[in-house]
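J.: This is input-v1.tsv, which holds TSV, C-alpha atoms:
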```tsv
chain	number	residue	atom	x	y	z
A	1	MET	CA	134.29	146.90	143.34
A	2	ASP	CA	131.52	149.41	144.02
A	3	THR	CA	133.77	150.96	146.69
A	4	LEU	CA	136.89	150.88	144.51
A	5	ARG	CA	135.08	152.57	141.61
A	6	GLY	CA	133.06	154.94	143.80
A	7	PRO	CA	133.89	158.40	145.19
A	8	GLY	CA	136.95	158.24	147.39
A	9	GLY	CA	137.87	154.87	145.92
A	10	CYS	CA	141.08	153.81	144.18
A	11	PRO	CA	142.25	156.29	141.49
A	12	TRP	CA	143.68	153.48	139.36
A	13	ASP	CA	140.51	151.35	139.48
A	14	ARG	CA	138.37	154.39	138.66
A	15	GLU	CA	140.48	155.12	135.56
A	16	GLN	CA	140.06	151.68	134.01
A	17	THR	CA	137.89	151.05	130.94
A	18	PRO	CA	136.92	147.87	129.08
A	19	GLU	CA	139.73	148.65	126.64
A	20	THR	CA	142.44	149.02	129.30
A	21	LEU	CA	141.28	145.81	131.00
A	22	LYS	CA	141.60	143.64	127.89
A	23	ALA	CA	145.26	142.73	128.44
A	24	MET	CA	144.60	141.85	132.09
A	25	LEU	CA	141.66	139.63	131.14
A	26	ILE	CA	143.89	137.69	128.75
A	27	GLU	CA	146.71	137.48	131.31
A	28	GLU	CA	144.42	136.23	134.07
A	29	SER	CA	142.91	133.61	131.75
A	30	TYR	CA	146.34	132.23	130.92
A	31	GLU	CA	147.30	132.19	134.59
A	32	VAL	CA	144.25	130.01	135.25
A	33	LEU	CA	145.45	127.64	132.52
A	34	GLU	CA	148.91	127.59	134.08
A	35	ALA	CA	147.44	126.74	137.49
A	36	LEU	CA	145.54	123.87	135.86
A	37	ASP	CA	148.81	122.61	134.37
A	38	TRP	CA	150.40	122.70	137.84
A	39	SER	CA	147.51	120.62	139.22
A	40	SER	CA	147.61	122.89	142.26
A	41	PRO	CA	144.21	123.43	143.93
A	42	ALA	CA	145.52	126.39	145.94
A	43	ALA	CA	146.96	128.11	142.85
A	44	LEU	CA	143.80	127.38	140.84
A	45	CYS	CA	141.60	128.82	143.59
A	46	ASP	CA	143.72	131.97	143.68
A	47	GLU	CA	143.80	132.43	139.91
A	48	LEU	CA	140.06	131.80	139.51
A	49	GLY	CA	139.52	134.61	141.98
A	50	ASP	CA	141.66	136.93	139.85
A	51	LEU	CA	139.68	135.95	136.76
A	52	LEU	CA	136.39	136.47	138.62
A	53	LEU	CA	137.56	139.96	139.57
A	54	GLN	CA	137.82	140.81	135.86
A	55	ILE	CA	134.22	139.70	135.34
A	56	VAL	CA	133.07	141.81	138.28
A	57	PHE	CA	135.16	144.74	137.01
A	58	HIS	CA	133.60	144.70	133.53
A	59	SER	CA	130.13	144.26	135.01
A	60	ARG	CA	130.60	147.27	137.29
A	61	ILE	CA	131.69	149.47	134.38
A	62	ALA	CA	128.67	148.32	132.35
A	63	LYS	CA	126.42	149.16	135.32
A	64	GLU	CA	127.83	152.70	135.39
A	65	ARG	CA	126.93	153.02	131.71
A	66	GLY	CA	123.40	151.74	132.28
A	67	GLU	CA	123.99	148.61	130.19
A	68	PHE	CA	123.84	145.66	132.62
A	69	ASP	CA	125.18	144.59	136.00
A	70	ILE	CA	126.60	141.46	137.62
A	71	ASP	CA	123.09	140.20	138.43
A	72	ASP	CA	122.26	140.33	134.71
A	73	VAL	CA	125.44	138.38	133.92
A	74	CYS	CA	124.52	135.63	136.39
A	75	ARG	CA	120.88	135.58	135.27
A	76	THR	CA	121.86	135.32	131.60
A	77	ILE	CA	124.21	132.37	132.05
A	78	HIS	CA	121.63	130.66	134.31
A	79	GLN	CA	118.94	130.97	131.66
A	80	LYS	CA	121.34	129.86	128.94
A	81	MET	CA	122.37	126.70	130.80
A	82	VAL	CA	118.74	125.76	131.49
A	83	ARG	CA	117.82	126.41	127.84
A	84	ARG	CA	120.73	124.37	126.50
A	85	HIS	CA	120.08	121.40	128.79
A	86	PRO	CA	116.52	120.36	127.91
A	87	HIS	CA	117.46	116.76	128.79
A	88	VAL	CA	118.18	117.87	132.38
A	89	PHE	CA	115.69	120.67	133.01
A	90	GLY	CA	113.06	119.49	130.55
A	91	GLN	CA	111.64	116.34	129.01
A	92	ALA	CA	114.06	115.89	126.09
A	93	ARG	CA	115.92	112.58	125.75
A	94	PHE	CA	118.98	111.80	123.67
A	95	GLU	CA	120.38	108.42	122.67
A	96	SER	CA	124.03	109.51	122.51
A	97	SER	CA	126.36	112.37	123.37
A	98	GLU	CA	126.70	113.08	119.63
A	99	GLU	CA	122.94	113.60	119.35
A	100	LEU	CA	123.06	115.81	122.43
A	101	LEU	CA	125.81	117.99	120.98
A	102	ARG	CA	123.94	118.40	117.71
A	103	GLU	CA	120.94	119.66	119.67
A	104	TRP	CA	123.25	122.00	121.61
A	105	GLU	CA	124.41	123.57	118.35
A	106	ARG	CA	120.82	123.78	117.08
A	107	ILE	CA	119.79	125.68	120.21
A	108	LYS	CA	122.77	128.04	119.87
A	109	ALA	CA	121.82	128.71	116.25
A	110	GLY	CA	118.29	129.56	117.41
A	111	GLU	CA	119.69	131.98	119.97
A	112	LYS	CA	121.65	133.76	117.25
A	113	LYS	CA	118.50	134.04	115.13
A	114	ASP	CA	116.56	135.44	118.09
A	115	ARG	CA	119.24	138.11	118.51
A	116	GLY	CA	118.46	139.31	114.97
A	117	GLN	CA	121.55	137.93	113.22
A	118	CYS	CA	120.98	137.24	109.54
A	119	GLU	CA	120.05	133.60	108.99
A	120	GLU	CA	121.94	133.40	105.71
A	121	ARG	CA	125.15	134.34	107.51
A	122	MET	CA	124.69	131.91	110.37
A	123	SER	CA	127.48	129.36	110.29
A	124	LEU	CA	128.35	126.77	112.89
A	125	LEU	CA	131.78	128.38	113.12
A	126	GLU	CA	130.61	131.98	113.59
A	127	THR	CA	130.54	131.64	117.35
A	128	LEU	CA	134.33	131.35	117.50
A	129	PRO	CA	135.96	134.64	118.54
A	130	ASP	CA	138.33	136.23	116.03
A	131	ARG	CA	141.06	136.58	118.66
A	132	LEU	CA	141.12	132.93	119.64
A	133	PRO	CA	144.72	131.62	119.35
A	134	ALA	CA	145.21	129.60	116.18
A	135	LEU	CA	145.86	126.35	118.08
A	136	TYR	CA	142.56	126.54	119.94
A	137	ALA	CA	140.72	127.87	116.87
A	138	THR	CA	141.73	124.75	114.92
A	139	TYR	CA	140.68	122.50	117.81
A	140	GLN	CA	137.31	124.21	118.29
A	141	MET	CA	136.48	124.51	114.58
A	142	SER	CA	137.13	120.80	114.07
A	143	ALA	CA	135.18	119.88	117.19
A	144	LYS	CA	132.15	121.88	116.05
A	145	ALA	CA	132.27	120.33	112.59
A	146	ALA	CA	132.55	116.86	114.13
A	147	ARG	CA	129.36	117.47	116.13
A	148	VAL	CA	127.35	117.41	112.92
A	149	GLY	CA	129.15	114.38	111.55
A	150	PHE	CA	131.91	116.08	109.52
A	151	ASP	CA	134.85	114.10	110.87
A	152	TRP	CA	137.29	111.29	110.14
A	153	PRO	CA	135.94	107.81	110.88
A	154	SER	CA	138.93	106.69	112.95
A	155	LEU	CA	142.25	107.72	114.48
A	156	GLU	CA	144.02	105.83	111.71
A	157	ALA	CA	142.26	107.97	109.11
A	158	VAL	CA	143.42	111.15	110.87
A	159	GLY	CA	146.95	109.73	110.96
A	160	ASP	CA	146.78	109.05	107.23
A	161	LYS	CA	145.77	112.68	106.71
A	162	VAL	CA	148.77	113.85	108.72
A	163	MET	CA	151.10	111.74	106.56
A	164	GLU	CA	149.40	113.00	103.40
A	165	GLU	CA	149.89	116.62	104.44
A	166	PHE	CA	153.52	115.96	105.36
A	167	GLN	CA	154.13	114.45	101.92
A	168	GLU	CA	152.59	117.52	100.29
A	169	LEU	CA	154.85	119.70	102.43
A	170	ALA	CA	157.88	117.67	101.38
A	171	ASN	CA	156.89	118.08	97.72
A	172	ALA	CA	156.58	121.85	98.18
A	173	VAL	CA	160.02	121.95	99.80
A	174	ARG	CA	161.53	120.05	96.87
A	175	LYS	CA	160.01	122.57	94.45
A	176	GLY	CA	161.30	125.46	96.57
A	177	ASN	CA	158.05	127.47	96.40
A	178	GLU	CA	157.93	129.51	99.62
A	179	THR	CA	154.23	130.35	99.27
A	180	ASP	CA	153.31	126.67	98.90
A	181	ILE	CA	155.61	125.74	101.79
A	182	ARG	CA	153.87	128.16	104.14
A	183	GLU	CA	150.45	126.89	103.07
A	184	GLU	CA	151.41	123.22	103.42
A	185	ILE	CA	152.91	123.80	106.88
A	186	GLY	CA	149.54	125.22	107.92
A	187	ASP	CA	147.71	122.20	106.48
A	188	PHE	CA	150.12	119.83	108.23
A	189	LEU	CA	149.67	121.56	111.61
A	190	PHE	CA	145.88	121.61	111.14
A	191	ALA	CA	145.86	117.86	110.60
A	192	ALA	CA	148.24	117.21	113.53
A	193	ILE	CA	146.05	119.22	115.92
A	194	ASN	CA	143.11	117.10	114.84
A	195	VAL	CA	144.91	114.03	116.17
A	196	ALA	CA	144.77	115.66	119.62
A	197	ARG	CA	141.14	116.66	119.12
A	198	PHE	CA	140.19	113.15	118.01
A	199	LEU	CA	141.77	111.78	121.20
A	200	GLN	CA	140.14	114.55	123.30
A	201	VAL	CA	143.54	115.86	124.42
A	202	ASP	CA	144.13	119.59	124.85
A	203	PRO	CA	146.88	120.38	122.30
A	204	GLU	CA	147.99	123.55	124.10
A	205	THR	CA	148.64	121.67	127.33
A	206	SER	CA	150.44	118.86	125.51
A	207	LEU	CA	152.60	121.29	123.58
A	208	ASN	CA	153.47	123.23	126.74
A	209	ARG	CA	154.59	120.00	128.38
A	210	ALA	CA	156.70	119.15	125.36
A	211	ASN	CA	158.24	122.63	125.49
A	212	ARG	CA	159.11	122.24	129.17
A	213	LYS	CA	160.59	118.80	128.52
A	214	PHE	CA	162.74	120.12	125.68
A	215	SER	CA	163.82	123.11	127.79
A	216	ASP	CA	164.89	120.88	130.71
A	217	ARG	CA	166.82	118.52	128.45
A	218	TYR	CA	168.46	121.35	126.55
A	219	ARG	CA	169.55	123.07	129.77
A	220	ALA	CA	170.97	119.77	131.00
A	221	LEU	CA	172.89	119.50	127.73
A	222	GLU	CA	174.32	122.98	128.21
A	223	GLU	CA	175.28	122.21	131.80
A	224	HIS	CA	177.01	118.95	130.82
A	225	PHE	CA	179.35	120.61	128.35
A	226	SER	CA	179.72	123.74	130.47
A	227	ARG	CA	181.26	121.57	133.22
A	228	GLN	CA	183.85	120.58	130.61
A	229	GLY	CA	184.50	124.22	129.83
A	230	ARG	CA	182.86	123.94	126.41
A	231	ALA	CA	179.99	125.84	124.82
A	232	LEU	CA	177.45	123.95	122.70
A	233	ALA	CA	178.67	125.82	119.62
A	234	GLU	CA	182.03	124.07	120.11
A	235	VAL	CA	180.53	120.56	120.23
A	236	GLY	CA	180.07	118.43	117.13
A	237	PRO	CA	176.57	117.21	116.18
A	238	GLU	CA	177.40	113.52	116.76
A	239	GLU	CA	178.71	114.11	120.29
A	240	MET	CA	175.79	116.40	121.04
A	241	GLU	CA	173.31	113.75	119.88
A	242	ARG	CA	174.99	111.04	121.97
A	243	GLN	CA	174.72	113.18	125.10
A	244	TRP	CA	171.11	114.09	124.27
A	245	GLN	CA	170.18	110.41	124.03
A	246	SER	CA	172.07	109.68	127.23
A	247	GLN	CA	170.12	112.39	129.06
A	248	LYS	CA	166.84	110.88	127.93
A	249	GLN	CA	167.81	107.77	129.89
A	250	VAL	CA	168.38	109.66	133.15
A	251	LEU	CA	165.61	112.24	132.84
A	252	GLY	CA	162.02	111.20	133.39
A	253	ALA	CA	159.25	111.30	130.83
A	254	ASP	CA	158.54	114.88	131.88
A	255	GLY	CA	162.14	115.91	131.25
A	256	LYS	CA	162.96	116.23	134.95
A	257	ALA	CA	165.87	114.50	136.61
A	258	SER	CA	164.95	111.63	138.89
A	259	SER	CA	165.73	111.95	142.60
A	260	SER	CA	168.82	109.78	142.16
A	261	VAL	CA	170.31	111.95	139.41
A	262	SER	CA	172.26	115.09	140.20
A	263	ARG	CA	172.29	117.97	137.75
A	264	LYS	CA	174.67	120.16	139.74
```
As structure tokens, please, write out the structure in this file.

T.:
Amino acid sequence: MDTLRGPGGCPWDREQTPETLKAMLIEESYEVLEALDWSSPAALCDELGDLLLQIVFHSRIAKERGEFDIDDVCRTIHQKMVRRHPHVFGQARFESSEELLREWERIKAGEKKDRGQCEERMSLLETLPDRLPALYATYQMSAKAARVGFDWPSLEAVGDKVMEEFQELANAVRKGNETDIREEIGDFLFAAINVARFLQVDPETSLNRANRKFSDRYRALEEHFSRQGRALAEVGPEEMERQWQSQKQVLGADGKASSSVSRK
């Protein structure tokens, strides 16, 4: 990166700024997530390299500005990990993972105070970035609150909350109030995501898998009627539902056709 940004280096790399690199940082992060979904070590290795390049890129630009360099980045995260693991690098002992996580949050709050942030504004949720996608924001907010004991006592209690929110949504729909409907949909989704969080399941990954499964089954539905010379718009709902249910029998749990089933 020093060579690429230096005299005689790459014109494109030399033109980049933290602002122009934002979109690429987001893209590379999502490509890492995609590689994780594929469960492909080779793809994950490749995509982690691309993400690492973004870190090096930003560090090089900061070095040019006299702010910090890649050594400072590595030193900072090293010190942070040692500081936040007193039970590993120090003499602290914890009786449970819940107690450990509470101490983790206490240490983070102390770090914020040391950086000069106003104590009266310090909230457990302030560490969440504003640009975090809503799905992950819900998951992380709930997880942080749970670390200090603000949580449902059981999966059944979370399920009851989901049903409660759905009933409130249904009531809003019956009344026809669009503002209330939008608000209740948000409450319903918030509760549903907490089911995933309570079970320690990544909701984004689960939803992506559900999307792929729906896409595969829907394409199979289109192909079935296309072979008959019919578009889906020409098929009645009952016939469409029968074929959909039939496809679920021949497609696997992931929506893919088994090796014995042809979709040509």

J.: Quick one, how far is atom CA of Arg197 of chain A from atom CA of Val148 of chain A?

T.: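 Between these atoms lies a distance of 15.1 Å.
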
J.: Using atom CA of Lys108 of chain A and atom CA of Arg93 of chain A as the two end points, give the distance in Å to one decimal.

T.: 17.9 Å

J.: Can you pull out every residue within 9 Å of segment 1-15 of chain A, counting all atoms listed in the file, but drop anything in the same chain fewer than 4 positions away, and send it as a PyMOL selection string?

T.: chain A and resi 20+53+56-57+60-61

J.: Using only C-alpha atoms, tabulate the residues of segment 80-152 of chain A lying at most 8 Å from any atom of segment 198-208 of chain A, each with its closest atom pair and that distance in Å to one decimal, by chain and increasing residue number, as CSV.

T.:
```
residue,atom,partner,partner_atom,distance
A:Leu135,CA,A:Glu204,CA,7.0
A:Tyr136,CA,A:Glu204,CA,7.5
A:Tyr139,CA,A:Pro203,CA,7.9
```

J.: In terms of the shortest atom-to-atom distance over all atoms listed in the file, which of A:Arg131, A:Arg217, A:Arg182, A:His58 is closest to Glu241 of chain A?

T.: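 That would be A:Arg217, the residue with the smallest distance to Glu241 of chain A.
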
J.: What is the atom CA of Ser246 of chain A-atom CA of Phe214 of chain A distance in Å, reported with one decimal?

T.: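 Taking atom CA of Ser246 of chain A as the start and atom CA of Phe214 of chain A as the end point, the length is 14.1 Å.
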
J.: Excluding Asn194 of chain A and its own-chain neighbours fewer than 6 positions away, which residues fall within 8 Å of it when counting only C-alpha atoms? Please give them as a list in words.

T.: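 Counting only the stated atoms, we get Thr138, Tyr139, Ser142 and Val158 of chain A.
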
J.: Hey, which of A:Val250, A:Ser97, A:Gln79, A:His87 ends up closest to Glu111 of chain A? Count only C-alpha atoms.

T.: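 That would be A:Gln79, the residue with the smallest distance to Glu111 of chain A.
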
J.: Kindly output segment 153-167 of chain A as a compact mmCIF listing (two decimals), keeping the file's coordinate frame, after building N, CA and C atoms.

T.:
```txt
# COMPACT_ATOMS: atom_id res chain seq x y z
N PRO A 153 136.60 108.95 110.24
CA PRO A 153 135.94 107.81 110.88
C PRO A 153 136.76 107.15 111.98
N SER A 154 138.09 107.38 111.98
CA SER A 154 138.93 106.69 112.95
C SER A 154 140.23 107.47 113.15
N LEU A 155 140.95 107.11 114.22
CA LEU A 155 142.25 107.72 114.48
C LEU A 155 143.22 107.41 113.35
N GLU A 156 143.13 106.21 112.82
CA GLU A 156 144.02 105.83 111.71
C GLU A 156 143.81 106.73 110.50
N ALA A 157 142.56 107.10 110.25
CA ALA A 157 142.26 107.97 109.11
C ALA A 157 142.84 109.37 109.33
N VAL A 158 142.80 109.85 110.58
CA VAL A 158 143.42 111.15 110.87
C VAL A 158 144.92 111.04 110.67
N GLY A 159 145.51 109.93 111.14
CA GLY A 159 146.95 109.73 110.96
C GLY A 159 147.34 109.71 109.49
N ASP A 160 146.51 109.07 108.67
CA ASP A 160 146.78 109.05 107.23
C ASP A 160 146.76 110.47 106.66
N LYS A 161 145.85 111.30 107.17
CA LYS A 161 145.77 112.68 106.71
C LYS A 161 147.03 113.46 107.09
N VAL A 162 147.54 113.20 108.29
CA VAL A 162 148.77 113.85 108.72
C VAL A 162 149.92 113.48 107.78
N MET A 163 150.04 112.20 107.46
CA MET A 163 151.10 111.74 106.56
C MET A 163 150.93 112.32 105.17
N GLU A 164 149.68 112.41 104.71
CA GLU A 164 149.40 113.00 103.40
C GLU A 164 149.85 114.45 103.35
N GLU A 165 149.51 115.20 104.41
CA GLU A 165 149.89 116.62 104.44
C GLU A 165 151.41 116.78 104.54
N PHE A 166 152.07 115.88 105.28
CA PHE A 166 153.52 115.96 105.36
C PHE A 166 154.16 115.70 104.00
N GLN A 167 153.60 114.75 103.25
CA GLN A 167 154.13 114.45 101.92
C GLN A 167 153.96 115.65 101.00
```
